[in-house]
Amino acid sequence: MKPRIGYVGLTLELYRECMPELIDDLDAFSRELAARLGAFGEVLPAHAISRRTDFEGALAEFAAEDVDVLVIVLLSYSPSLIALPALLKTPVPLLIWNTQRLHAITADFGAEDMVANHGMHGVQDLCSVLRRHERPFHLVTGHYRDPDALAEIGDVIAGAAAARSLDGSRVGILGHTFDGMGDLGVEPSELLARTGVEIRHVSSAVLADHIANVPEGAIDAALASDRAEFVIDPEVTDEDHRRSLRVELGLRALADEEELSAVCPLFTAAVDHPGIETLPFLAVSKMLAEGYGYGGEGDPTSAVAVMLMRALTDDTSFVEMFTIDFAGDAVFMNHMAETNHRLAHPDIPPRLILNEAAFLPGKPPVCVFSVQRPGDVTLLNLVAGPGGRLRMIGALAEVEDWGPAADVRSPHFKMKPRCPDGISAFLTRYSEAGGSHHLALGYGDHLRSLRAAADAMDVEWIELG
C-alpha cells in the first residue's frame with residue numbers, strides 16, 4: 001500500500017488579517033508542494049494553517065485517517081507554539097521540509113520576494129522547541145524542485161511507512177531459538193513495544209496435523225508448478241519432492257491459520273514430531289520469495305529485519321556472513337538451505353537439490369540451490385543492545401559477480417562491504433557495534449529509509465561505512 005502522508009502548510013495569522021493576497025499566494029504554493037509529495041504516497045493536505053485550533057483539527061483528521069508520516073512546511077514564518085502542543089501528543093513520525101518557492105536571489109530581488117519566501121526562521125523556531133522537548137523529527141532542507149531533496153523526502157516517507165507496516169505482524173517460531181546463541185536473544189515485550197511485532201511459538205503437533213491433512217491434489221499442483229519454475233536435479237525423486245511439498249503446504253496452512261508474517265523453524269527441533277518427516281527449507285525459500293519474513297535457527301530479530309527490508313524492496317533475503325576473503329576484501333555469504341531464489345544470478349538458474357548434510361535431522365529435504373546475482377545492496381541487522389534496547393545496524397555492500405563455489409551445495413554468494421578501510425575494518429566495526437550473525441539484505445541503497453524507520457520505532461541506529 002502507498003504511504004499515507006498528512007501534510008500541513010503553516011503561515012502567520014497576522015498575514016491573513018493584513019495581507020490576504022499573500023495568503024492566497026502561499027496557499028497556491030502549498031498545493032503545489034502537496035502535489036510534489038503525491039509522488040511518494042497518498043497526501044491528505046491542510047493548506048495555509050495559521051491558528052492552533054486549526055492545526056490541532058488537522059492532526060485529529062490525520063489520526064482518524066491513520067497517516068504514516070506528518071510533513072510540515074513553513075510557507076512563511078509561523079510561531080512554533082501553534083504547532084508544538086499537538087506535535088508533542090502525536091506519535092506520528094514528523095518530517096519538516098525547509099523549502100521555498102524562490103530558487104535564487106538575483107539583482108532584482110525585492111521586498112515582495114522576501115515576504116513570499118521567509119519560512120526559514122519559522123523552521124528554526126519550530127525545530128528549536130521540538131529539540132528542547134525531545135520530540136524527534138526529520139529535517140530536509142532543499143528547493144522544492146531539487147531532485148536530491150525530493151529523493152531524501154521520499155526515503156524518509158518510505159522508512160516511516162515501512163516501520164508502520166510491521167505493526168500487528170506475527171513471527172512464528174517452530175521449536176525455539178537455538179540453544180546457546182545469545183546474540184539472537186530479544187525480550188518479546190521490547191520487540192512488540194518498538195516494532196509492533198508479536199512473537200508466537202507454534203506447535204509442531206499442530207503443524208503435523210496440517211501436514212497430514214494436505215490433499216494429494218494440492219501436492220500434484222505444487223509439483224507441476226515446481227517443475228515449470230525450477231531445474232530439478234536427477235537425484236530428487238518424486239517421493240523426496242512430494243515429502244518436502246507436503247511439509248511446505250502444511251507450513252503454509254499453519255501460517256495462514258496463525259496469521260503469520262514470518263516463519264522461524266529451528267532445524268534441530270522442526271522434525272521433533274513424527275508427523276514431520278523432513279525440514280521445511282523448500283517452503284522457507286519459496287515463502288521468502290513471496291514476501292514472508294524469515295530468521296534462521298528460530299531467530300525473530302532477523303525475521304523482523306527481513307520484513308522491514310521487504311517493505312522497502314521486493315528484492316530481499318536472509319543472509320549470514322560465513323568466511324572472510326582477506327585477499328579479495330570480501331565475505332563469503334552462506335547458510336544452510338534458505339534463499340530468495342528470485343535473486344538468483346541470471347546465468348545460474350536456481351535448481352532443486354536433495355540436501356543430505358549429516359547435521360540435518362529427518363529425511364533429506366529438497367532445497368533450492370542458487371547463487372545470488374551481482375548488484376549493490378543494503379545490509380540490515382536488528383539486535384538487542386545494551387539494556388535490551390533494540391538496535392539497528394545498517395551498511396552498504398556489493399554482491400560480486402562470482403560463483404558457484406566448488407562442492408558448496410547451499411545457496412551462497414560473495415559480498416564486498418562499502419568500507420574504505422577494507423574488510424578487516426568493516427568486520428571489526430560490525431562486531432564492536434554488537435551486530436549479531438544474522439542479517440537481512442535488500443538490493444539498492446535504503447540507509448536513509450532505514451534510519452527513518454529506526455527513528456519512527458525509537459530504535460537505536462548505527463550506520464557502518
# chains A, B, ... in the order shown; residues from 1 in each chain; ligands from 1

call {"tool": "residues_around", "arguments": {"residues": "segment 190-195 of chain A", "least_positions_apart": "5", "cutoff": "10 Å", "atoms": "only C-alpha atoms", "output": "short mmCIF file (atom, residue, chain, number, x, y, z; two decimals) with N, CA and C atoms, in the first residue's frame"}}
result
data_model
loop_
_atom_site.label_atom_id
_atom_site.label_comp_id
_atom_site.auth_asym_id
_atom_site.auth_seq_id
_atom_site.Cartn_x
_atom_site.Cartn_y
_atom_site.Cartn_z
N ALA A 163 8.21 1.20 8.81
CA ALA A 163 8.09 0.92 10.25
C ALA A 163 6.64 0.64 10.63
N ARG A 164 5.71 1.44 10.10
CA ARG A 164 4.30 1.24 10.40
C ARG A 164 3.79 -0.09 9.86
N SER A 165 4.37 -0.55 8.76
CA SER A 165 3.89 -1.79 8.14
C SER A 165 4.12 -3.01 9.03
N LEU A 166 5.05 -2.91 9.97
CA LEU A 166 5.32 -4.03 10.87
C LEU A 166 4.23 -4.20 11.92
N ASP A 167 3.54 -3.13 12.24
CA ASP A 167 2.59 -3.15 13.35
C ASP A 167 1.49 -4.19 13.13
N GLY A 168 1.33 -5.07 14.10
CA GLY A 168 0.32 -6.12 14.01
C GLY A 168 0.82 -7.41 13.39
N SER A 169 2.10 -7.44 13.00
CA SER A 169 2.65 -8.66 12.40
C SER A 169 2.97 -9.70 13.47
N ARG A 170 3.06 -10.95 13.01
CA ARG A 170 3.40 -12.05 13.91
C ARG A 170 4.53 -12.88 13.33
N PRO A 300 13.83 -14.45 15.82
CA PRO A 300 12.80 -13.47 15.44
C PRO A 300 13.37 -12.13 15.02
N THR A 301 14.58 -11.77 15.49
CA THR A 301 15.13 -10.45 15.17
C THR A 301 15.44 -10.33 13.68
N VAL A 304 12.25 -10.03 11.63
CA VAL A 304 11.71 -8.67 11.59
C VAL A 304 12.54 -7.80 10.66
N LEU A 308 11.10 -5.74 7.52
CA LEU A 308 11.29 -4.30 7.36
C LEU A 308 11.92 -3.98 6.02
N VAL A 383 19.17 -6.17 16.50
CA VAL A 383 19.73 -6.90 17.63
C VAL A 383 19.36 -6.18 18.92
N ALA A 384 19.35 -6.91 20.03
CA ALA A 384 19.16 -6.29 21.33
C ALA A 384 20.50 -5.74 21.81
N GLY A 388 19.01 -4.25 26.72
CA GLY A 388 17.95 -4.93 26.00
C GLY A 388 17.26 -4.08 24.96
N ARG A 389 17.68 -2.79 24.83
CA ARG A 389 17.04 -1.91 23.85
C ARG A 389 17.42 -2.34 22.43
N LEU A 390 16.43 -2.31 21.54
CA LEU A 390 16.69 -2.72 20.16
C LEU A 390 17.64 -1.75 19.47
N ALA A 453 13.05 4.68 9.63
CA ALA A 453 12.27 3.63 10.28
C ALA A 453 12.72 3.43 11.73
N ALA A 454 14.03 3.44 11.95
CA ALA A 454 14.55 3.31 13.32
C ALA A 454 14.05 4.44 14.20
N ALA A 456 11.34 6.18 13.78
CA ALA A 456 9.90 6.02 13.98
C ALA A 456 9.59 5.01 15.08
N MET A 457 10.44 4.01 15.23
CA MET A 457 10.22 2.96 16.24
C MET A 457 10.98 3.22 17.53
N ASP A 458 11.70 4.34 17.60
CA ASP A 458 12.55 4.65 18.75
C ASP A 458 13.56 3.52 18.99
N VAL A 459 14.21 3.12 17.88
CA VAL A 459 15.24 2.09 17.91
C VAL A 459 16.57 2.77 17.59
#

call {"tool": "residues_around", "arguments": {"residues": "Ala28 of chain A", "least_positions_apart": "4", "cutoff": "12 Å", "atoms": "only C-alpha atoms", "output": "list of chain:residue names"}}
result
A:Gly9, A:Glu21, A:Leu22, A:Ile23, A:Asp24, A:Glu32, A:Leu33, A:Ala34, A:Ala35, A:Ala46, A:His47, A:Ala48, A:Leu75, A:Arg101, A:Ala116

call {"tool": "write_last_selection", "arguments": {"atoms": "C-alpha atoms", "output": "mmCIF file, in the first residue's frame"}}
result
data_model
loop_
_atom_site.group_PDB
_atom_site.id
_atom_site.type_symbol
_atom_site.label_atom_id
_atom_site.label_comp_id
_atom_site.auth_asym_id
_atom_site.auth_seq_id
_atom_site.Cartn_x
_atom_site.Cartn_y
_atom_site.Cartn_z
ATOM 1 C CA GLY A 9 1.493 24.229 5.329
ATOM 2 C CA GLU A 21 -3.278 38.328 -1.119
ATOM 3 C CA LEU A 22 -0.106 36.808 0.363
ATOM 4 C CA ILE A 23 -2.177 34.048 1.986
ATOM 5 C CA ASP A 24 -3.756 33.272 -1.393
ATOM 6 C CA GLU A 32 1.968 22.664 -5.451
ATOM 7 C CA LEU A 33 4.038 21.192 -2.625
ATOM 8 C CA ALA A 34 1.294 18.699 -1.794
ATOM 9 C CA ALA A 35 1.268 17.638 -5.439
ATOM 10 C CA ALA A 46 -4.197 21.080 5.137
ATOM 11 C CA HIS A 47 -3.153 24.346 3.494
ATOM 12 C CA ALA A 48 -2.066 27.713 4.941
ATOM 13 C CA LEU A 75 5.150 28.589 3.962
ATOM 14 C CA ARG A 101 9.413 28.915 -4.000
ATOM 15 C CA ALA A 116 6.864 35.452 -0.038
#

call {"tool": "select_by_dssp", "arguments": {"residues": "segment 183-344 of chain A", "states": "helix (DSSP H, G or I)", "output": "PyMOL selection string"}}
result
chain A and resi 183-184+188-195+204-212+216-229+238-258+281-290+296-298+300-310+341-343

call {"tool": "atom_distance", "arguments": {"atom1": "atom CA of Glu356 of chain A", "atom2": "atom CA of Val408 of chain A"}}
result
12.3 Å

call {"tool": "closest_residue", "arguments": {"among": "A:Ala228, A:Ala397, A:Ala60, A:Leu279", "to": "Arg418 of chain A", "atoms": "only C-alpha atoms"}}
result
A:Ala397

call {"tool": "closest_residue", "arguments": {"among": "A:Leu464, A:Leu12, A:Ala222, A:Ile276", "to": "Asp421 of chain A", "atoms": "only C-alpha atoms"}}
result
A:Leu464

call {"tool": "atom_distance", "arguments": {"atom1": "atom CA of Gly38 of chain A", "atom2": "atom CA of Leu87 of chain A"}}
result
22.6 Å

call {"tool": "residues_around", "arguments": {"residues": "Pro91 of chain A", "least_positions_apart": "6", "cutoff": "12 Å", "atoms": "only C-alpha atoms", "output": "list of chain:residue names"}}
result
A:Leu59, A:Phe62, A:Ala63, A:Asp66, A:Val67, A:Asp68, A:Val69, A:Leu70, A:Arg135, A:Pro136, A:Phe137, A:Ala160, A:Arg164, A:Asp455, A:Ala456, A:Met457, A:Asp458

call {"tool": "residues_around", "arguments": {"residues": "Leu266 of chain A", "least_positions_apart": "6", "cutoff": "7 Å", "atoms": "only C-alpha atoms", "output": "list of chain:residue names"}}
result
A:Leu174, A:Gly175, A:His176, A:Thr177, A:Phe178, A:Gly296, A:Glu297, A:Gly298

call {"tool": "write_last_selection", "arguments": {"atoms": "N, CA and C atoms", "output": "mmCIF file, in the first residue's frame"}}
result
data_model
loop_
_atom_site.group_PDB
_atom_site.id
_atom_site.type_symbol
_atom_site.label_atom_id
_atom_site.label_comp_id
_atom_site.auth_asym_id
_atom_site.auth_seq_id
_atom_site.Cartn_x
_atom_site.Cartn_y
_atom_site.Cartn_z
ATOM 1 N N LEU A 174 8.964 -22.078 15.320
ATOM 2 C CA LEU A 174 8.709 -23.512 15.456
ATOM 3 C C LEU A 174 9.890 -24.115 16.199
ATOM 4 N N GLY A 175 9.642 -24.575 17.392
ATOM 5 C CA GLY A 175 10.711 -25.055 18.266
ATOM 6 C C GLY A 175 11.084 -23.944 19.234
ATOM 7 N N HIS A 176 12.295 -23.445 19.108
ATOM 8 C CA HIS A 176 12.777 -22.369 19.977
ATOM 9 C C HIS A 176 13.997 -21.769 19.308
ATOM 10 N N THR A 177 14.541 -20.713 19.892
ATOM 11 C CA THR A 177 15.789 -20.158 19.378
ATOM 12 C C THR A 177 16.926 -21.102 19.745
ATOM 13 N N PHE A 178 17.877 -21.267 18.845
ATOM 14 C CA PHE A 178 18.976 -22.222 19.017
ATOM 15 C C PHE A 178 19.633 -22.039 20.389
ATOM 16 N N GLY A 296 16.745 -17.660 10.564
ATOM 17 C CA GLY A 296 17.296 -18.985 10.789
ATOM 18 C C GLY A 296 17.446 -19.283 12.269
ATOM 19 N N GLU A 297 17.452 -20.556 12.604
ATOM 20 C CA GLU A 297 17.642 -21.009 13.990
ATOM 21 C C GLU A 297 16.626 -20.405 14.974
ATOM 22 N N GLY A 298 15.404 -20.190 14.503
ATOM 23 C CA GLY A 298 14.365 -19.667 15.384
ATOM 24 C C GLY A 298 14.596 -18.227 15.798
#

call {"tool": "residues_around", "arguments": {"residues": "Leu74 of chain A", "least_positions_apart": "3", "cutoff": "8 Å", "atoms": "only C-alpha atoms", "output": "MDAnalysis selection string"}}
result
chainID A and resid 9:11 77:78 97:99 119:120 122:123

call {"tool": "write_last_selection", "arguments": {"atoms": "N, CA and C atoms", "output": "short mmCIF file (atom, residue, chain, number, x, y, z; two decimals), in the first residue's frame"}}
result
data_model
loop_
_atom_site.label_atom_id
_atom_site.label_comp_id
_atom_site.auth_asym_id
_atom_site.auth_seq_id
_atom_site.Cartn_x
_atom_site.Cartn_y
_atom_site.Cartn_z
N GLY A 9 0.74 23.02 5.63
CA GLY A 9 1.49 24.23 5.33
C GLY A 9 1.14 25.29 6.35
N LEU A 10 2.14 25.82 7.04
CA LEU A 10 1.91 26.79 8.12
C LEU A 10 2.24 28.21 7.67
N THR A 11 1.47 29.16 8.17
CA THR A 11 1.73 30.57 7.94
C THR A 11 1.35 31.37 9.18
N TYR A 77 6.97 32.63 7.86
CA TYR A 77 7.17 32.48 9.30
C TYR A 77 5.85 32.12 9.96
N SER A 78 5.92 31.20 10.93
CA SER A 78 4.77 30.83 11.75
C SER A 78 5.29 30.52 13.14
N TRP A 97 9.98 20.04 6.13
CA TRP A 97 10.58 20.31 4.82
C TRP A 97 10.91 21.79 4.75
N ASN A 98 12.16 22.13 4.82
CA ASN A 98 12.62 23.52 4.81
C ASN A 98 12.84 23.94 3.36
N THR A 99 11.83 24.58 2.77
CA THR A 99 11.90 24.91 1.34
C THR A 99 11.21 26.24 1.10
N GLY A 119 10.07 31.35 5.15
CA GLY A 119 9.69 30.31 6.11
C GLY A 119 10.84 29.80 6.94
N MET A 120 12.07 30.12 6.53
CA MET A 120 13.24 29.53 7.17
C MET A 120 13.32 29.80 8.66
N GLY A 122 10.88 30.39 10.62
CA GLY A 122 9.83 29.60 11.26
C GLY A 122 10.29 28.17 11.49
N VAL A 123 11.06 27.62 10.54
CA VAL A 123 11.65 26.29 10.71
C VAL A 123 12.57 26.28 11.93
#

call {"tool": "select_by_dssp", "arguments": {"residues": "segment 186-286 of chain A", "states": "strand (DSSP E or B)", "output": "list in words"}}
result
Glu198, Ile199, Arg200, His201, Val202, Val231, Ile232, Ala262, Val263, Cys264, Pro265 and Thr278 of chain A

call {"tool": "residues_around", "arguments": {"residues": "segment 229-245 of chain A", "least_positions_apart": "4", "cutoff": "10 Å", "atoms": "only C-alpha atoms", "output": "PyMOL selection string"}}
result
chain A and resi 211+214+216+218-220+222-225+249-251+276-283+341+349-355+363-369

call {"tool": "write_last_selection", "arguments": {"atoms": "N, CA and C atoms", "output": "short mmCIF file (atom, residue, chain, number, x, y, z; two decimals), in the first residue's frame"}}
result
data_model
loop_
_atom_site.label_atom_id
_atom_site.label_comp_id
_atom_site.auth_asym_id
_atom_site.auth_seq_id
_atom_site.Cartn_x
_atom_site.Cartn_y
_atom_site.Cartn_z
N ILE A 211 0.06 -31.03 8.04
CA ILE A 211 0.77 -31.84 7.05
C ILE A 211 -0.05 -33.08 6.70
N VAL A 214 -2.94 -32.40 4.19
CA VAL A 214 -2.69 -31.82 2.87
C VAL A 214 -3.26 -32.75 1.80
N GLU A 216 -3.73 -34.71 -1.67
CA GLU A 216 -2.78 -35.16 -2.69
C GLU A 216 -2.87 -34.30 -3.94
N ALA A 218 -3.35 -31.13 -4.05
CA ALA A 218 -2.58 -29.90 -3.83
C ALA A 218 -1.09 -30.17 -4.04
N ILE A 219 -0.65 -31.36 -3.65
CA ILE A 219 0.75 -31.72 -3.88
C ILE A 219 1.02 -31.87 -5.37
N ASP A 220 0.08 -32.48 -6.10
CA ASP A 220 0.22 -32.62 -7.54
C ASP A 220 0.39 -31.25 -8.21
N ALA A 222 1.41 -28.41 -6.79
CA ALA A 222 2.67 -27.80 -6.39
C ALA A 222 3.85 -28.43 -7.12
N LEU A 223 3.76 -29.74 -7.34
CA LEU A 223 4.82 -30.45 -8.08
C LEU A 223 4.91 -29.94 -9.51
N ALA A 224 3.77 -29.76 -10.14
CA ALA A 224 3.75 -29.25 -11.51
C ALA A 224 4.32 -27.83 -11.57
N SER A 225 3.98 -27.03 -10.58
CA SER A 225 4.49 -25.66 -10.53
C SER A 225 6.01 -25.64 -10.38
N LEU A 249 3.24 -27.25 2.22
CA LEU A 249 1.83 -26.91 2.22
C LEU A 249 1.25 -26.94 3.64
N GLY A 250 1.76 -27.82 4.48
CA GLY A 250 1.33 -27.83 5.87
C GLY A 250 1.77 -26.56 6.60
N LEU A 251 3.01 -26.13 6.33
CA LEU A 251 3.51 -24.91 6.97
C LEU A 251 2.73 -23.70 6.48
N ILE A 276 6.31 -34.99 11.10
CA ILE A 276 7.08 -34.06 10.27
C ILE A 276 8.35 -34.80 9.86
N GLU A 277 8.39 -35.26 8.62
CA GLU A 277 9.45 -36.17 8.20
C GLU A 277 10.72 -35.46 7.73
N THR A 278 10.58 -34.20 7.29
CA THR A 278 11.74 -33.52 6.73
C THR A 278 11.66 -32.03 7.04
N LEU A 279 12.78 -31.35 6.90
CA LEU A 279 12.84 -29.93 7.25
C LEU A 279 12.19 -29.06 6.16
N PRO A 280 11.63 -27.92 6.55
CA PRO A 280 10.85 -27.11 5.59
C PRO A 280 11.67 -26.10 4.81
N PHE A 281 12.86 -26.47 4.36
CA PHE A 281 13.70 -25.50 3.65
C PHE A 281 13.12 -25.09 2.30
N LEU A 282 12.48 -26.02 1.61
CA LEU A 282 11.84 -25.68 0.34
C LEU A 282 10.74 -24.65 0.59
N ALA A 283 9.98 -24.85 1.63
CA ALA A 283 8.92 -23.91 1.98
C ALA A 283 9.48 -22.54 2.30
N HIS A 341 15.03 -17.27 -4.03
CA HIS A 341 15.52 -17.71 -5.35
C HIS A 341 15.20 -16.70 -6.44
N PRO A 349 20.69 -20.59 -13.19
CA PRO A 349 19.29 -20.79 -12.80
C PRO A 349 19.18 -21.54 -11.47
N PRO A 350 18.25 -21.14 -10.62
CA PRO A 350 18.05 -21.88 -9.38
C PRO A 350 17.56 -23.29 -9.67
N ARG A 351 18.01 -24.24 -8.87
CA ARG A 351 17.58 -25.62 -9.09
C ARG A 351 17.24 -26.27 -7.76
N LEU A 352 16.49 -27.34 -7.83
CA LEU A 352 16.13 -28.10 -6.64
C LEU A 352 17.08 -29.27 -6.49
N ILE A 353 17.63 -29.39 -5.28
CA ILE A 353 18.58 -30.45 -4.98
C ILE A 353 18.13 -31.19 -3.73
N LEU A 354 18.72 -32.33 -3.50
CA LEU A 354 18.49 -33.10 -2.27
C LEU A 354 19.65 -32.80 -1.32
N ASN A 355 19.34 -32.26 -0.15
CA ASN A 355 20.36 -31.88 0.80
C ASN A 355 20.53 -33.01 1.81
N LYS A 363 14.49 -36.96 7.25
CA LYS A 363 14.85 -37.41 5.90
C LYS A 363 15.39 -36.23 5.10
N PRO A 364 16.31 -36.49 4.15
CA PRO A 364 16.92 -35.37 3.41
C PRO A 364 15.86 -34.48 2.75
N PRO A 365 15.94 -33.17 2.99
CA PRO A 365 14.95 -32.27 2.39
C PRO A 365 15.34 -31.87 0.97
N VAL A 366 14.33 -31.58 0.18
CA VAL A 366 14.57 -30.94 -1.11
C VAL A 366 14.72 -29.45 -0.84
N CYS A 367 15.76 -28.85 -1.42
CA CYS A 367 16.08 -27.45 -1.17
C CYS A 367 16.33 -26.72 -2.47
N VAL A 368 16.23 -25.40 -2.42
CA VAL A 368 16.58 -24.56 -3.56
C VAL A 368 18.06 -24.23 -3.47
N PHE A 369 18.76 -24.46 -4.57
CA PHE A 369 20.16 -24.02 -4.66
C PHE A 369 20.24 -22.87 -5.65
#

call {"tool": "closest_residue", "arguments": {"among": "A:Asp256, A:Glu463, A:Asp113, A:Glu61", "to": "Gly394 of chain A", "atoms": "only C-alpha atoms"}}
result
A:Glu463

call {"tool": "residues_around", "arguments": {"residues": "Gly159 of chain A", "least_positions_apart": "6", "cutoff": "7 Å", "atoms": "only C-alpha atoms", "output": "MDAnalysis selection string"}}
result
chainID A and resid 449:450 452:453

call {"tool": "decode", "arguments": {"residues": "segment 443-462 of chain A", "atoms": "N, CA and C atoms", "output": "PDB file, in the first residue's frame"}}
result
ATOM      1  N   TYR A 443      18.357  -5.276  -2.169  1.00  0.00           N
ATOM      2  CA  TYR A 443      19.060  -4.619  -3.274  1.00  0.00           C
ATOM      3  C   TYR A 443      18.712  -3.135  -3.304  1.00  0.00           C
ATOM      4  N   GLY A 444      19.742  -2.297  -3.554  1.00  0.00           N
ATOM      5  CA  GLY A 444      19.582  -0.854  -3.569  1.00  0.00           C
ATOM      6  C   GLY A 444      20.113  -0.234  -2.291  1.00  0.00           C
ATOM      7  N   ASP A 445      20.132   1.088  -2.264  1.00  0.00           N
ATOM      8  CA  ASP A 445      20.578   1.850  -1.094  1.00  0.00           C
ATOM      9  C   ASP A 445      19.354   2.298  -0.309  1.00  0.00           C
ATOM     10  N   HIS A 446      19.163   1.732   0.866  1.00  0.00           N
ATOM     11  CA  HIS A 446      17.995   2.025   1.693  1.00  0.00           C
ATOM     12  C   HIS A 446      18.381   2.590   3.063  1.00  0.00           C
ATOM     13  N   LEU A 447      19.590   3.080   3.203  1.00  0.00           N
ATOM     14  CA  LEU A 447      20.057   3.523   4.520  1.00  0.00           C
ATOM     15  C   LEU A 447      19.220   4.674   5.066  1.00  0.00           C
ATOM     16  N   ARG A 448      18.903   5.669   4.237  1.00  0.00           N
ATOM     17  CA  ARG A 448      18.117   6.794   4.752  1.00  0.00           C
ATOM     18  C   ARG A 448      16.728   6.345   5.193  1.00  0.00           C
ATOM     19  N   SER A 449      16.124   5.463   4.431  1.00  0.00           N
ATOM     20  CA  SER A 449      14.797   4.966   4.815  1.00  0.00           C
ATOM     21  C   SER A 449      14.870   4.151   6.095  1.00  0.00           C
ATOM     22  N   LEU A 450      15.896   3.336   6.239  1.00  0.00           N
ATOM     23  CA  LEU A 450      16.034   2.516   7.445  1.00  0.00           C
ATOM     24  C   LEU A 450      16.305   3.384   8.663  1.00  0.00           C
ATOM     25  N   ARG A 451      17.089   4.449   8.478  1.00  0.00           N
ATOM     26  CA  ARG A 451      17.326   5.375   9.584  1.00  0.00           C
ATOM     27  C   ARG A 451      16.005   6.019  10.025  1.00  0.00           C
ATOM     28  N   ALA A 452      15.178   6.391   9.046  1.00  0.00           N
ATOM     29  CA  ALA A 452      13.873   6.961   9.367  1.00  0.00           C
ATOM     30  C   ALA A 452      12.984   5.937  10.066  1.00  0.00           C
ATOM     31  N   ALA A 453      13.048   4.682   9.632  1.00  0.00           N
ATOM     32  CA  ALA A 453      12.266   3.628  10.284  1.00  0.00           C
ATOM     33  C   ALA A 453      12.717   3.433  11.725  1.00  0.00           C
ATOM     34  N   ALA A 454      14.030   3.444  11.952  1.00  0.00           N
ATOM     35  CA  ALA A 454      14.551   3.309  13.315  1.00  0.00           C
ATOM     36  C   ALA A 454      14.050   4.438  14.195  1.00  0.00           C
ATOM     37  N   ASP A 455      14.086   5.652  13.675  1.00  0.00           N
ATOM     38  CA  ASP A 455      13.591   6.797  14.449  1.00  0.00           C
ATOM     39  C   ASP A 455      12.108   6.644  14.755  1.00  0.00           C
ATOM     40  N   ALA A 456      11.335   6.179  13.780  1.00  0.00           N
ATOM     41  CA  ALA A 456       9.898   6.023  13.978  1.00  0.00           C
ATOM     42  C   ALA A 456       9.588   5.014  15.076  1.00  0.00           C
ATOM     43  N   MET A 457      10.436   4.006  15.235  1.00  0.00           N
ATOM     44  CA  MET A 457      10.216   2.960  16.236  1.00  0.00           C
ATOM     45  C   MET A 457      10.977   3.222  17.535  1.00  0.00           C
ATOM     46  N   ASP A 458      11.705   4.335  17.600  1.00  0.00           N
ATOM     47  CA  ASP A 458      12.554   4.646  18.754  1.00  0.00           C
ATOM     48  C   ASP A 458      13.561   3.518  18.987  1.00  0.00           C
ATOM     49  N   VAL A 459      14.211   3.122  17.884  1.00  0.00           N
ATOM     50  CA  VAL A 459      15.245   2.090  17.907  1.00  0.00           C
ATOM     51  C   VAL A 459      16.573   2.766  17.591  1.00  0.00           C
ATOM     52  N   GLU A 460      17.616   2.403  18.308  1.00  0.00           N
ATOM     53  CA  GLU A 460      18.932   2.992  18.073  1.00  0.00           C
ATOM     54  C   GLU A 460      19.424   2.627  16.673  1.00  0.00           C
ATOM     55  N   TRP A 461      20.068   3.582  15.995  1.00  0.00           N
ATOM     56  CA  TRP A 461      20.554   3.390  14.634  1.00  0.00           C
ATOM     57  C   TRP A 461      22.053   3.562  14.597  1.00  0.00           C
ATOM     58  N   ILE A 462      22.753   2.579  14.013  1.00  0.00           N
ATOM     59  CA  ILE A 462      24.204   2.665  13.792  1.00  0.00           C
ATOM     60  C   ILE A 462      24.464   2.380  12.327  1.00  0.00           C
TER      61      ILE A 462
END
